[in-house]
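A.B. asks: What follows is work.csv, made up of CSV, C-alpha atoms and all ligand atoms:
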chain,number,residue,atom,x,y,z
A,1,MET,CA,25.4,-20.5,7.0
A,2,PRO,CA,26.9,-23.5,5.2
A,3,THR,CA,28.5,-26.1,7.5
A,4,ILE,CA,29.0,-29.8,8.1
A,5,VAL,CA,28.2,-32.1,11.0
A,6,ILE,CA,30.5,-35.1,11.6
A,7,ASP,CA,29.0,-38.0,13.4
A,8,GLU,CA,32.0,-38.5,15.7
A,9,ASP,CA,31.2,-42.0,16.8
A,10,ARG,CA,30.7,-43.2,13.1
A,11,CYS,CA,34.1,-41.9,12.1
A,12,LYS,CA,36.9,-44.4,11.7
A,13,GLY,CA,39.6,-41.8,11.6
A,14,CYS,CA,40.7,-42.6,8.0
A,15,GLN,CA,41.5,-39.0,7.1
A,16,LEU,CA,40.1,-39.2,3.6
A,17,CYS,CA,37.9,-36.2,4.2
A,18,THR,CA,40.8,-34.0,5.5
A,19,THR,CA,42.8,-33.6,2.3
A,20,VAL,CA,40.0,-32.6,0.0
A,21,CYS,CA,38.6,-29.6,1.9
A,22,PRO,CA,39.6,-26.7,-0.4
A,23,LYS,CA,39.8,-24.5,2.8
A,24,ASP,CA,41.6,-27.0,5.0
A,25,LEU,CA,38.9,-26.8,7.6
A,26,VAL,CA,38.7,-30.5,8.4
A,27,THR,CA,41.4,-32.0,10.7
A,28,MET,CA,41.8,-34.9,13.0
A,29,ALA,CA,40.8,-34.4,16.7
A,30,GLU,CA,43.1,-35.1,19.6
A,31,ASN,CA,40.4,-37.1,21.5
A,32,PHE,CA,39.3,-40.7,20.9
A,33,ASN,CA,35.8,-41.6,19.9
A,34,ALA,CA,33.8,-44.6,21.2
A,35,LYS,CA,35.5,-46.8,18.6
A,36,GLY,CA,38.9,-45.7,19.7
A,37,TYR,CA,39.7,-43.6,16.6
A,38,HIS,CA,40.7,-40.0,16.4
A,39,PRO,CA,37.6,-38.6,14.7
A,40,ALA,CA,37.6,-35.8,12.1
A,41,LYS,CA,36.5,-32.4,13.2
A,42,LEU,CA,35.5,-29.1,11.6
A,43,GLU,CA,37.3,-26.0,12.7
A,44,ASP,CA,35.6,-23.1,11.1
A,45,PRO,CA,35.7,-20.0,13.4
A,46,GLU,CA,35.4,-17.6,10.4
A,47,GLY,CA,32.5,-19.4,8.8
A,48,GLU,CA,34.4,-20.2,5.7
A,49,CYS,CA,32.7,-23.6,4.9
A,50,THR,CA,30.8,-23.3,1.6
A,51,GLY,CA,29.0,-26.6,1.9
A,52,CYS,CA,30.8,-27.9,-1.2
A,53,THR,CA,30.4,-31.5,-0.1
A,54,MET,CA,33.9,-32.6,-1.0
A,55,CYS,CA,34.6,-34.1,2.4
A,56,ALA,CA,31.3,-35.9,2.5
A,57,LEU,CA,31.9,-37.3,-1.0
A,58,MET,CA,35.1,-39.0,0.2
A,59,CYS,CA,33.7,-40.4,3.5
A,60,PRO,CA,33.4,-44.2,3.3
A,61,ASP,CA,31.3,-44.3,6.5
A,62,VAL,CA,28.7,-41.6,5.6
A,63,ALA,CA,29.7,-39.8,8.8
A,64,ILE,CA,29.3,-36.3,7.3
A,65,THR,CA,26.1,-34.4,6.8
A,66,VAL,CA,26.3,-31.1,4.8
A,67,TYR,CA,24.1,-28.1,5.3
A,68,ARG,CA,23.9,-25.1,3.0
B,1,MET,CA,21.2,-29.1,14.3
B,2,PRO,CA,22.4,-26.3,12.0
B,3,GLU,CA,20.0,-24.2,10.0
B,4,GLY,CA,19.8,-24.5,6.2
B,5,GLU,CA,19.0,-27.2,3.8
B,6,VAL,CA,20.6,-30.6,4.0
B,7,VAL,CA,22.5,-31.0,0.8
B,8,PHE,CA,24.3,-34.2,1.6
B,9,ALA,CA,23.2,-37.1,3.9
B,10,ARG,CA,22.8,-40.8,4.1
B,11,PRO,CA,20.7,-42.2,1.2
B,12,ALA,CA,17.5,-44.0,2.2
B,13,ALA,CA,18.7,-47.1,0.3
B,14,LEU,CA,21.6,-47.4,2.8
B,15,GLU,CA,20.8,-48.7,6.3
B,16,ASP,CA,22.0,-46.6,9.3
B,17,THR,CA,24.3,-49.5,10.3
B,18,PRO,CA,28.0,-49.1,10.9
B,19,THR,CA,30.0,-51.2,8.4
B,20,HIS,CA,32.7,-53.7,9.3
B,21,TYR,CA,35.0,-52.3,6.6
B,22,CYS,CA,38.5,-51.2,7.6
B,23,PRO,CA,39.0,-47.5,8.1
B,24,GLY,CA,39.2,-45.7,4.7
B,25,CYS,CA,38.1,-48.8,2.7
B,26,THR,CA,36.5,-47.5,-0.5
B,27,HIS,CA,33.9,-50.3,-0.4
B,28,GLY,CA,32.1,-47.8,1.8
B,29,ILE,CA,32.1,-45.1,-0.8
B,30,ILE,CA,30.9,-47.5,-3.5
B,31,HIS,CA,28.0,-48.8,-1.3
B,32,ARG,CA,27.0,-45.2,-0.7
B,33,LEU,CA,27.0,-44.4,-4.5
B,34,ILE,CA,24.8,-47.4,-5.2
B,35,GLY,CA,22.4,-46.2,-2.4
B,36,GLU,CA,22.3,-42.6,-3.9
B,37,VAL,CA,21.6,-43.9,-7.4
B,38,ILE,CA,18.8,-46.2,-6.2
B,39,ASP,CA,17.2,-43.3,-4.3
B,40,GLU,CA,17.5,-41.0,-7.3
B,41,LEU,CA,16.0,-43.5,-9.6
B,42,GLY,CA,13.2,-44.2,-7.1
B,43,ILE,CA,13.7,-48.0,-7.4
B,44,ARG,CA,14.4,-49.0,-3.8
B,45,GLU,CA,11.1,-51.0,-3.5
B,46,ILE,CA,11.8,-53.1,-6.6
B,47,THR,CA,15.6,-53.6,-6.3
B,48,VAL,CA,17.2,-56.9,-5.4
B,49,GLY,CA,20.9,-56.9,-4.7
B,50,ILE,CA,23.2,-60.0,-4.8
B,51,ALA,CA,26.0,-60.0,-2.3
B,52,PRO,CA,29.3,-61.8,-3.0
B,53,VAL,CA,31.8,-63.8,-1.0
B,54,GLY,CA,34.6,-61.4,0.0
B,55,CYS,CA,34.7,-58.4,2.3
B,56,ALA,CA,31.3,-57.3,1.0
B,57,VAL,CA,29.8,-60.5,2.2
B,58,LEU,CA,27.7,-58.6,4.7
B,59,ALA,CA,26.4,-56.1,2.2
B,60,TYR,CA,22.9,-57.3,3.0
B,61,HIS,CA,23.2,-55.6,6.4
B,62,TYR,CA,24.0,-52.3,4.8
B,63,PHE,CA,21.6,-52.0,1.9
B,64,ASN,CA,18.1,-51.0,2.7
B,65,PHE,CA,16.4,-53.3,0.2
B,66,ASP,CA,16.2,-57.0,-0.5
B,67,THR,CA,19.5,-58.7,-0.9
B,68,VAL,CA,20.4,-62.3,-1.5
B,69,GLU,CA,23.8,-63.9,-0.7
B,70,ALA,CA,25.4,-65.9,-3.5
B,71,ALA,CA,28.0,-68.7,-3.3
B,72,HIS,CA,31.5,-67.5,-4.2
B,73,GLY,CA,31.5,-66.1,-7.8
B,74,ARG,CA,28.0,-67.2,-8.6
B,75,ALA,CA,26.2,-63.9,-8.1
B,76,PRO,CA,25.6,-63.4,-11.9
B,77,ALA,CA,23.9,-66.9,-12.0
B,78,VAL,CA,21.7,-66.0,-9.0
B,79,ALA,CA,20.9,-62.6,-10.6
B,80,THR,CA,20.0,-64.3,-13.9
B,81,GLY,CA,17.6,-66.5,-12.1
B,82,ILE,CA,15.9,-63.8,-10.2
B,83,LYS,CA,15.7,-61.4,-13.1
B,84,ARG,CA,14.2,-64.0,-15.4
B,85,VAL,CA,11.6,-65.1,-12.9
B,86,SER,CA,10.8,-61.6,-11.8
B,87,PRO,CA,11.7,-59.2,-14.6
B,88,GLU,CA,9.9,-56.3,-12.9
B,89,ASN,CA,12.6,-56.3,-10.3
B,90,VAL,CA,15.9,-54.4,-10.7
B,91,VAL,CA,18.6,-56.9,-10.0
B,92,PHE,CA,22.3,-56.1,-9.5
B,93,THR,CA,25.4,-58.0,-8.2
B,94,TYR,CA,28.2,-56.5,-6.1
B,95,GLN,CA,31.4,-58.5,-6.6
B,96,GLY,CA,35.1,-58.3,-5.7
B,97,ASP,CA,37.9,-59.3,-8.1
B,98,GLY,CA,38.5,-62.6,-6.3
B,99,ASP,CA,34.8,-63.3,-6.6
B,100,LEU,CA,34.2,-62.1,-10.2
B,101,ALA,CA,37.6,-62.5,-11.9
B,102,ALA,CA,38.8,-65.7,-10.3
B,103,ILE,CA,36.3,-68.3,-9.1
B,104,GLY,CA,33.4,-66.6,-10.9
B,105,THR,CA,35.0,-65.9,-14.3
B,106,ALA,CA,32.8,-68.4,-16.2
B,107,GLU,CA,29.6,-66.9,-14.7
B,108,ILE,CA,30.4,-63.3,-15.6
B,109,VAL,CA,31.6,-64.0,-19.1
B,110,HIS,CA,28.5,-66.0,-20.0
B,111,ALA,CA,26.1,-63.5,-18.3
B,112,ALA,CA,27.6,-60.7,-20.3
B,113,ASN,CA,27.6,-62.7,-23.5
B,114,ARG,CA,24.0,-63.7,-23.0
B,115,GLY,CA,23.2,-60.0,-22.7
B,116,GLU,CA,21.5,-60.8,-19.4
B,117,ASN,CA,19.5,-57.7,-18.3
B,118,ILE,CA,21.3,-57.2,-15.0
B,119,THR,CA,23.7,-54.7,-13.5
B,120,VAL,CA,27.1,-55.5,-12.1
B,121,VAL,CA,29.2,-53.4,-9.7
B,122,PHE,CA,32.7,-54.9,-9.9
B,123,VAL,CA,35.1,-53.8,-7.1
B,124,ASN,CA,38.7,-54.3,-8.2
B,125,ASN,CA,41.1,-53.9,-5.3
B,126,ALA,CA,43.9,-56.1,-6.8
B,127,VAL,CA,43.9,-58.6,-3.9
B,128,PHE,CA,41.7,-61.1,-2.0
B,129,GLY,CA,40.9,-58.7,0.8
B,130,MET,CA,38.7,-60.9,3.1
B,131,THR,CA,41.1,-63.9,3.2
B,132,GLY,CA,44.2,-61.9,4.1
B,133,GLY,CA,45.5,-60.2,1.0
B,134,GLN,CA,46.5,-63.0,-1.3
B,135,MET,CA,47.2,-62.4,-5.0
B,136,ALA,CA,44.1,-62.0,-7.2
B,137,PRO,CA,43.9,-62.3,-11.0
B,138,THR,CA,44.0,-58.5,-10.9
B,139,THR,CA,47.2,-58.1,-8.8
B,140,LEU,CA,49.7,-55.9,-10.7
B,141,PRO,CA,53.0,-57.2,-12.0
B,142,GLY,CA,55.5,-57.0,-9.2
B,143,GLN,CA,52.9,-56.3,-6.6
B,144,VAL,CA,53.7,-57.8,-3.2
B,145,THR,CA,50.9,-59.8,-1.6
B,146,THR,CA,50.8,-62.4,1.1
B,147,SER,CA,51.0,-65.1,-1.6
B,148,THR,CA,53.6,-63.3,-3.8
B,149,PRO,CA,56.0,-62.1,-1.1
B,150,THR,CA,58.6,-61.2,-3.8
B,151,GLY,CA,56.1,-59.6,-6.1
B,152,ARG,CA,53.8,-61.0,-8.8
B,153,ASP,CA,56.0,-62.7,-11.4
B,154,VAL,CA,54.1,-62.7,-14.7
B,155,LYS,CA,56.3,-65.6,-15.9
B,156,VAL,CA,54.9,-67.8,-13.2
B,157,ASP,CA,51.5,-66.2,-12.4
B,158,GLY,CA,50.5,-64.7,-15.7
B,159,TYR,CA,49.2,-61.2,-16.3
B,160,PRO,CA,46.6,-59.2,-14.5
B,161,VAL,CA,43.1,-59.7,-16.0
B,162,LYS,CA,41.5,-56.6,-17.5
B,163,VAL,CA,37.9,-57.4,-16.9
B,164,ALA,CA,36.3,-54.3,-18.5
B,165,GLU,CA,38.4,-54.7,-21.7
B,166,ILE,CA,37.5,-58.5,-21.9
B,167,LEU,CA,33.8,-58.1,-21.3
B,168,ALA,CA,33.5,-55.2,-23.7
B,169,GLN,CA,34.3,-57.8,-26.4
B,170,THR,CA,31.1,-59.8,-25.6
B,171,THR,CA,28.3,-59.3,-28.1
B,172,GLY,CA,25.6,-59.2,-25.4
B,173,ALA,CA,27.1,-56.4,-23.3
B,174,ALA,CA,25.4,-53.1,-23.5
B,175,TYR,CA,27.4,-50.9,-21.1
B,176,ILE,CA,30.9,-51.6,-19.8
B,177,ALA,CA,32.9,-48.9,-18.0
B,178,ARG,CA,35.8,-48.5,-15.5
B,179,ARG,CA,35.9,-45.8,-12.8
B,180,THR,CA,37.5,-45.2,-9.4
B,181,VAL,CA,36.6,-43.3,-6.2
B,182,THR,CA,40.0,-41.9,-5.1
B,183,GLN,CA,39.2,-38.2,-5.6
B,184,PRO,CA,35.9,-36.2,-5.5
B,185,LYS,CA,35.9,-35.8,-9.3
B,186,TYR,CA,36.3,-39.6,-9.7
B,187,VAL,CA,33.5,-40.2,-7.1
B,188,ARG,CA,31.1,-38.0,-9.1
B,189,SER,CA,32.0,-39.8,-12.4
B,190,CYS,CA,31.7,-43.2,-10.8
B,191,LYS,CA,28.2,-42.4,-9.6
B,192,LYS,CA,27.2,-41.3,-13.1
B,193,ALA,CA,28.4,-44.6,-14.5
B,194,ILE,CA,26.6,-46.7,-11.9
B,195,LYS,CA,23.5,-44.7,-12.7
B,196,THR,CA,23.9,-45.4,-16.4
B,197,ALA,CA,24.4,-49.1,-15.6
B,198,PHE,CA,21.0,-49.2,-13.7
B,199,LYS,CA,19.3,-47.1,-16.4
B,200,THR,CA,20.5,-49.6,-19.0
B,201,GLN,CA,18.6,-52.4,-17.1
B,202,LEU,CA,15.5,-50.3,-16.6
B,203,ALA,CA,15.4,-49.7,-20.3
B,204,GLY,CA,15.8,-53.4,-20.9
B,205,LEU,CA,18.9,-52.9,-22.9
B,206,GLY,CA,20.9,-55.8,-21.5
B,207,PHE,CA,24.1,-56.4,-19.5
B,208,ALA,CA,25.8,-53.5,-17.8
B,209,LEU,CA,29.0,-53.5,-15.6
B,210,VAL,CA,31.0,-50.8,-13.9
B,211,GLU,CA,34.4,-51.9,-12.7
B,212,VAL,CA,35.5,-49.7,-9.8
B,213,LEU,CA,39.1,-49.5,-8.8
B,214,SER,CA,39.1,-49.7,-5.0
B,215,THR,CA,41.6,-49.7,-2.2
B,216,CYS,CA,42.5,-52.3,0.4
B,217,SER,CA,44.9,-50.3,2.6
B,218,THR,CA,45.0,-53.1,5.2
B,219,ASN,CA,46.3,-55.7,2.9
B,220,TRP,CA,48.3,-53.4,0.8
B,221,GLY,CA,50.1,-52.4,4.1
B,222,MET,CA,49.5,-48.7,3.8
B,223,SER,CA,47.5,-45.9,5.4
B,224,PRO,CA,44.2,-45.2,3.8
B,225,MET,CA,45.6,-42.0,2.3
B,226,GLU,CA,48.7,-43.7,0.9
B,227,ALA,CA,46.4,-46.4,-0.6
B,228,LEU,CA,44.4,-43.8,-2.6
B,229,ARG,CA,47.7,-42.4,-4.0
B,230,TRP,CA,49.1,-45.8,-4.7
B,231,LEU,CA,45.9,-46.7,-6.7
B,232,ASP,CA,46.2,-43.5,-8.7
B,233,GLU,CA,49.8,-44.0,-9.5
B,234,ASN,CA,49.9,-47.8,-10.1
B,235,MET,CA,46.4,-49.1,-10.9
B,236,ILE,CA,45.1,-46.4,-13.2
B,237,PRO,CA,48.0,-46.8,-15.7
B,238,TYR,CA,47.4,-50.5,-15.9
B,239,TYR,CA,43.6,-50.3,-15.7
B,240,PRO,CA,42.7,-47.0,-17.6
B,241,LEU,CA,39.5,-45.3,-16.6
B,242,GLY,CA,36.9,-44.9,-19.3
B,243,ASP,CA,33.9,-46.3,-21.2
B,244,TYR,CA,34.8,-49.6,-22.9
B,245,LYS,CA,31.5,-50.4,-24.5
B,246,VAL,CA,28.4,-48.2,-24.9
B,247,ILE,CA,25.8,-49.3,-27.4
B,248,ASP,CA,23.9,-46.6,-29.2
B,249,GLU,CA,20.7,-47.3,-27.2
B,250,VAL,CA,22.6,-46.6,-24.0
B,251,LYS,CA,24.1,-43.4,-25.5
B,252,ALA,CA,20.6,-42.3,-26.3
B,253,LEU,CA,19.3,-42.8,-22.7
B,254,PRO,CA,18.0,-39.6,-21.1
C,1,LIG,C1,34.2,-71.7,-2.7
C,1,LIG,C2,35.0,-70.8,-1.9
C,1,LIG,N1,36.3,-70.7,-2.2
C,1,LIG,C3,37.2,-69.9,-1.5
C,1,LIG,C4,36.7,-69.2,-0.5
C,1,LIG,C5,37.6,-68.3,0.3
C,1,LIG,N2,37.4,-66.8,0.0
C,1,LIG,C6,36.7,-66.0,0.7
C,1,LIG,S1,36.7,-64.5,0.2
C,1,LIG,C7,37.8,-64.8,-1.1
C,1,LIG,C8,38.3,-63.8,-2.0
C,1,LIG,C9,37.7,-62.4,-1.8
C,1,LIG,O1,38.3,-61.5,-2.6
C,1,LIG,P1,37.6,-60.4,-3.5
C,1,LIG,O2,36.4,-61.0,-4.2
C,1,LIG,O3,38.6,-59.7,-4.2
C,1,LIG,O4,36.9,-59.4,-2.4
C,1,LIG,P2,37.5,-58.4,-1.3
C,1,LIG,O5,37.5,-59.2,0.0
C,1,LIG,O6,38.9,-58.1,-1.8
C,1,LIG,O7,36.6,-57.3,-1.3
C,1,LIG,C10,38.1,-66.2,-1.1
C,1,LIG,C11,39.0,-66.8,-2.0
C,1,LIG,C12,35.3,-69.3,-0.2
C,1,LIG,N3,34.7,-68.5,0.8
C,1,LIG,N4,34.5,-70.1,-0.9
C,2,LIG,S1,36.3,-39.6,5.8
C,2,LIG,FE1,34.6,-40.1,7.3
C,2,LIG,S2,35.5,-41.9,8.5
C,2,LIG,FE2,37.2,-40.9,7.4
C,2,LIG,S3,38.1,-39.4,8.9
C,2,LIG,FE3,36.6,-38.3,7.6
C,2,LIG,S4,34.6,-38.4,8.7
C,2,LIG,FE4,36.0,-39.9,9.6
C,3,LIG,S1,40.4,-56.0,4.1
C,3,LIG,FE1,40.6,-54.6,2.4
C,3,LIG,S2,38.8,-54.8,1.2
C,3,LIG,FE2,38.4,-55.8,3.2
C,3,LIG,S3,37.4,-54.2,4.4
C,3,LIG,FE3,39.6,-54.1,4.8
C,3,LIG,S4,40.4,-52.5,3.4
C,3,LIG,FE4,38.4,-53.2,2.7
Would you write out, as structure tokens, the structure that this file holds?
C.D. replies:
Amino acid sequence: MPTIVIDEDRCKGCQLCTTVCPKDLVTMAENFNAKGYHPAKLEDPEGECTGCTMCALMCPDVAITVYR
Amino acid sequence: MPEGEVVFARPAALEDTPTHYCPGCTHGIIHRLIGEVIDELGIREITVGIAPVGCAVLAYHYFNFDTVEAAHGRAPAVATGIKRVSPENVVFTYQGDGDLAAIGTAEIVHAANRGENITVVFVNNAVFGMTGGQMAPTTLPGQVTTSTPTGRDVKVDGYPVKVAEILAQTTGAAYIARRTVTQPKYVRSCKKAIKTAFKTQLAGLGFALVEVLSTCSTNWGMSPMEALRWLDENMIPYYPLGDYKVIDEVKALP
């Protein structure tokens, strides 16, 4: 099943990945990571992620790995 | 770890080192694209990068190949020396607009005009990022910076320098393009251009430069998302994306 893994402690909470997901599956978490940022998180209970790589393309910190 | 094939991950040419860049700074995307291109061309072992003075001054920590630090604006001169002494290496410079279009204007114009067989990735974020957001030659008319608090007045400060357009007029240049990385489609197109710029050097065709419009949300005083939109709405109209010079031999590259 296609999915992404976000390296939470790499994330700087910039939100660049959140607006490009065609299915709006990437949002910002409530918790803080080790750097003190709200990291991005994937919320995909229905398994809708297609592994399109849009979010990863926009991540300046290469925090997102995509599986398909 | 999830099942399935990894279709997107950190390129080998990029160290697994967290960068010092501000959140959302598109320097990070541009670094990654260079890493992906170097991986895909299989040239990591023969590549030498030249880091600038500017926010990318620590680029040698992030690239997983040999990198030399140049004095401010002098990266094209350092690249020229390395490439001429060691032509089997692939040599590229990574330079900001303060570095390339202010203090380093002479070096870049002559490197292009000599048709020096090097690749240049030019990051235009319309300010001096590292030193606190002062006006750069590329700052837009009316743009507020720390040294133009009421906006750039072209009567006093002159007009923003259009690097791609200017260098496209040099006889020696083989490939000159402008791209950005504010949207996924632009990121893909930017990667293609950077790849062409490296292929131009590999084929021995001469000077290649990709100007990449980039954000500096910290010094523009915006959120990273606002900075992407500000770039799209304000920088692209003044600095149109496109190919400014592509010689026939570059067009014919596979
Ligand atoms: C000879 C010299 N003059 C001035 C400086 C101060 N200085 C450091 S970085 C910089 C400008 C950097 O701006 P840019 O190239 O646009 O890169 P950015 O930080 O925006 O990525 C300046 C003027 C310096 N380090 N050395
Ligand atoms: S783009 Fe990268 S650094 Fe920015 S919020 Fe998303 S995962 Fe975090
Ligand atoms: S100051 Fe600007 S250019 Fe420098 S890292 Fe921060 S956002 Fe990027």
A.B. asks: Could you report the residues within 7 Å of ligand LIG 2 (chain C), using only C-alpha atoms and all ligand atoms, as a ChimeraX atom specification?
C.D. replies: /A:6,10-18,39-40,55,58-64 /B:23-24
A.B. asks: Check which residues fall inside 6 Å of ligand LIG 1 (chain C) when counting all atoms listed in the file, and print them as a PyMOL selection string.
C.D. replies: chain B and resi 53-56+72+96-99+125+127-131
A.B. asks: How would the residues just chosen look if you wrote them out with C-alpha atoms as a compact mmCIF listing (two decimals), keeping the file's coordinate frame?
C.D. replies:
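Printed below is selection_34.txt as written:
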# COMPACT_ATOMS: atom_id res chain seq x y z
CA VAL B 53 31.80 -63.80 -1.00
CA GLY B 54 34.60 -61.40 0.00
CA CYS B 55 34.70 -58.40 2.30
CA ALA B 56 31.30 -57.30 1.00
CA HIS B 72 31.50 -67.50 -4.20
CA GLY B 96 35.10 -58.30 -5.70
CA ASP B 97 37.90 -59.30 -8.10
CA GLY B 98 38.50 -62.60 -6.30
CA ASP B 99 34.80 -63.30 -6.60
CA ASN B 125 41.10 -53.90 -5.30
CA VAL B 127 43.90 -58.60 -3.90
CA PHE B 128 41.70 -61.10 -2.00
CA GLY B 129 40.90 -58.70 0.80
CA MET B 130 38.70 -60.90 3.10
CA THR B 131 41.10 -63.90 3.20
A.B. asks: For a quick test of understanding: name the residues of chain B lying within 9 Å of chain A when counting all atoms listed in the file, and present them as a VMD selection string.
C.D. replies: chain B and resid 1 to 10 18 to 19 21 to 32 181 to 184 187 to 188 223 to 225 228
A.B. asks: Atom CA of Asn124 of chain B and atom CA of Asn219 of chain B, how far apart in Å?
C.D. replies: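 Between these atoms lies a distance of 13.5 Å.
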A.B. asks: To one decimal place in Å, what is the distance between atom CA of Gln95 of chain B and atom CA of Ala75 of chain B?
C.D. replies: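 About the pair atom CA of Gln95 of chain B and atom CA of Ala75 of chain B: they are 7.6 Å apart.
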A.B. asks: Figure out the distance between atom FE1 of ligand LIG 3 (chain C) and atom CA of Pro149 of chain B, please, to one decimal in Å.
C.D. replies: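 Computed distance, atom CA of Pro149 of chain B to atom FE1 of ligand LIG 3 (chain C), equals 17.5 Å.
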A.B. asks: Residues proximal to (45.6, -49.7, -10.2) were defined as those with any atom within 9 Å of that point in the file's coordinates, counting all atoms listed in the file. Which are they, as a CSV table (one decimal) with C-alpha atoms, keeping the file's coordinate frame?
C.D. replies:
chain,number,residue,atom,x,y,z
B,124,ASN,CA,38.7,-54.3,-8.2
B,125,ASN,CA,41.1,-53.9,-5.3
B,126,ALA,CA,43.9,-56.1,-6.8
B,138,THR,CA,44.0,-58.5,-10.9
B,139,THR,CA,47.2,-58.1,-8.8
B,140,LEU,CA,49.7,-55.9,-10.7
B,213,LEU,CA,39.1,-49.5,-8.8
B,214,SER,CA,39.1,-49.7,-5.0
B,215,THR,CA,41.6,-49.7,-2.2
B,230,TRP,CA,49.1,-45.8,-4.7
B,231,LEU,CA,45.9,-46.7,-6.7
B,232,ASP,CA,46.2,-43.5,-8.7
B,233,GLU,CA,49.8,-44.0,-9.5
B,234,ASN,CA,49.9,-47.8,-10.1
B,235,MET,CA,46.4,-49.1,-10.9
B,236,ILE,CA,45.1,-46.4,-13.2
B,237,PRO,CA,48.0,-46.8,-15.7
B,238,TYR,CA,47.4,-50.5,-15.9
B,239,TYR,CA,43.6,-50.3,-15.7
B,240,PRO,CA,42.7,-47.0,-17.6
A.B. asks: I need the residue nearest ligand LIG 3 (chain C) from this list: B:Ala101, B:Leu58, B:Leu41, B:Ile82. Use all atoms listed in the file for the distance.
C.D. replies: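 When distances to ligand LIG 3 (chain C) are compared using all atoms listed in the file, the smallest one comes from B:Leu58.
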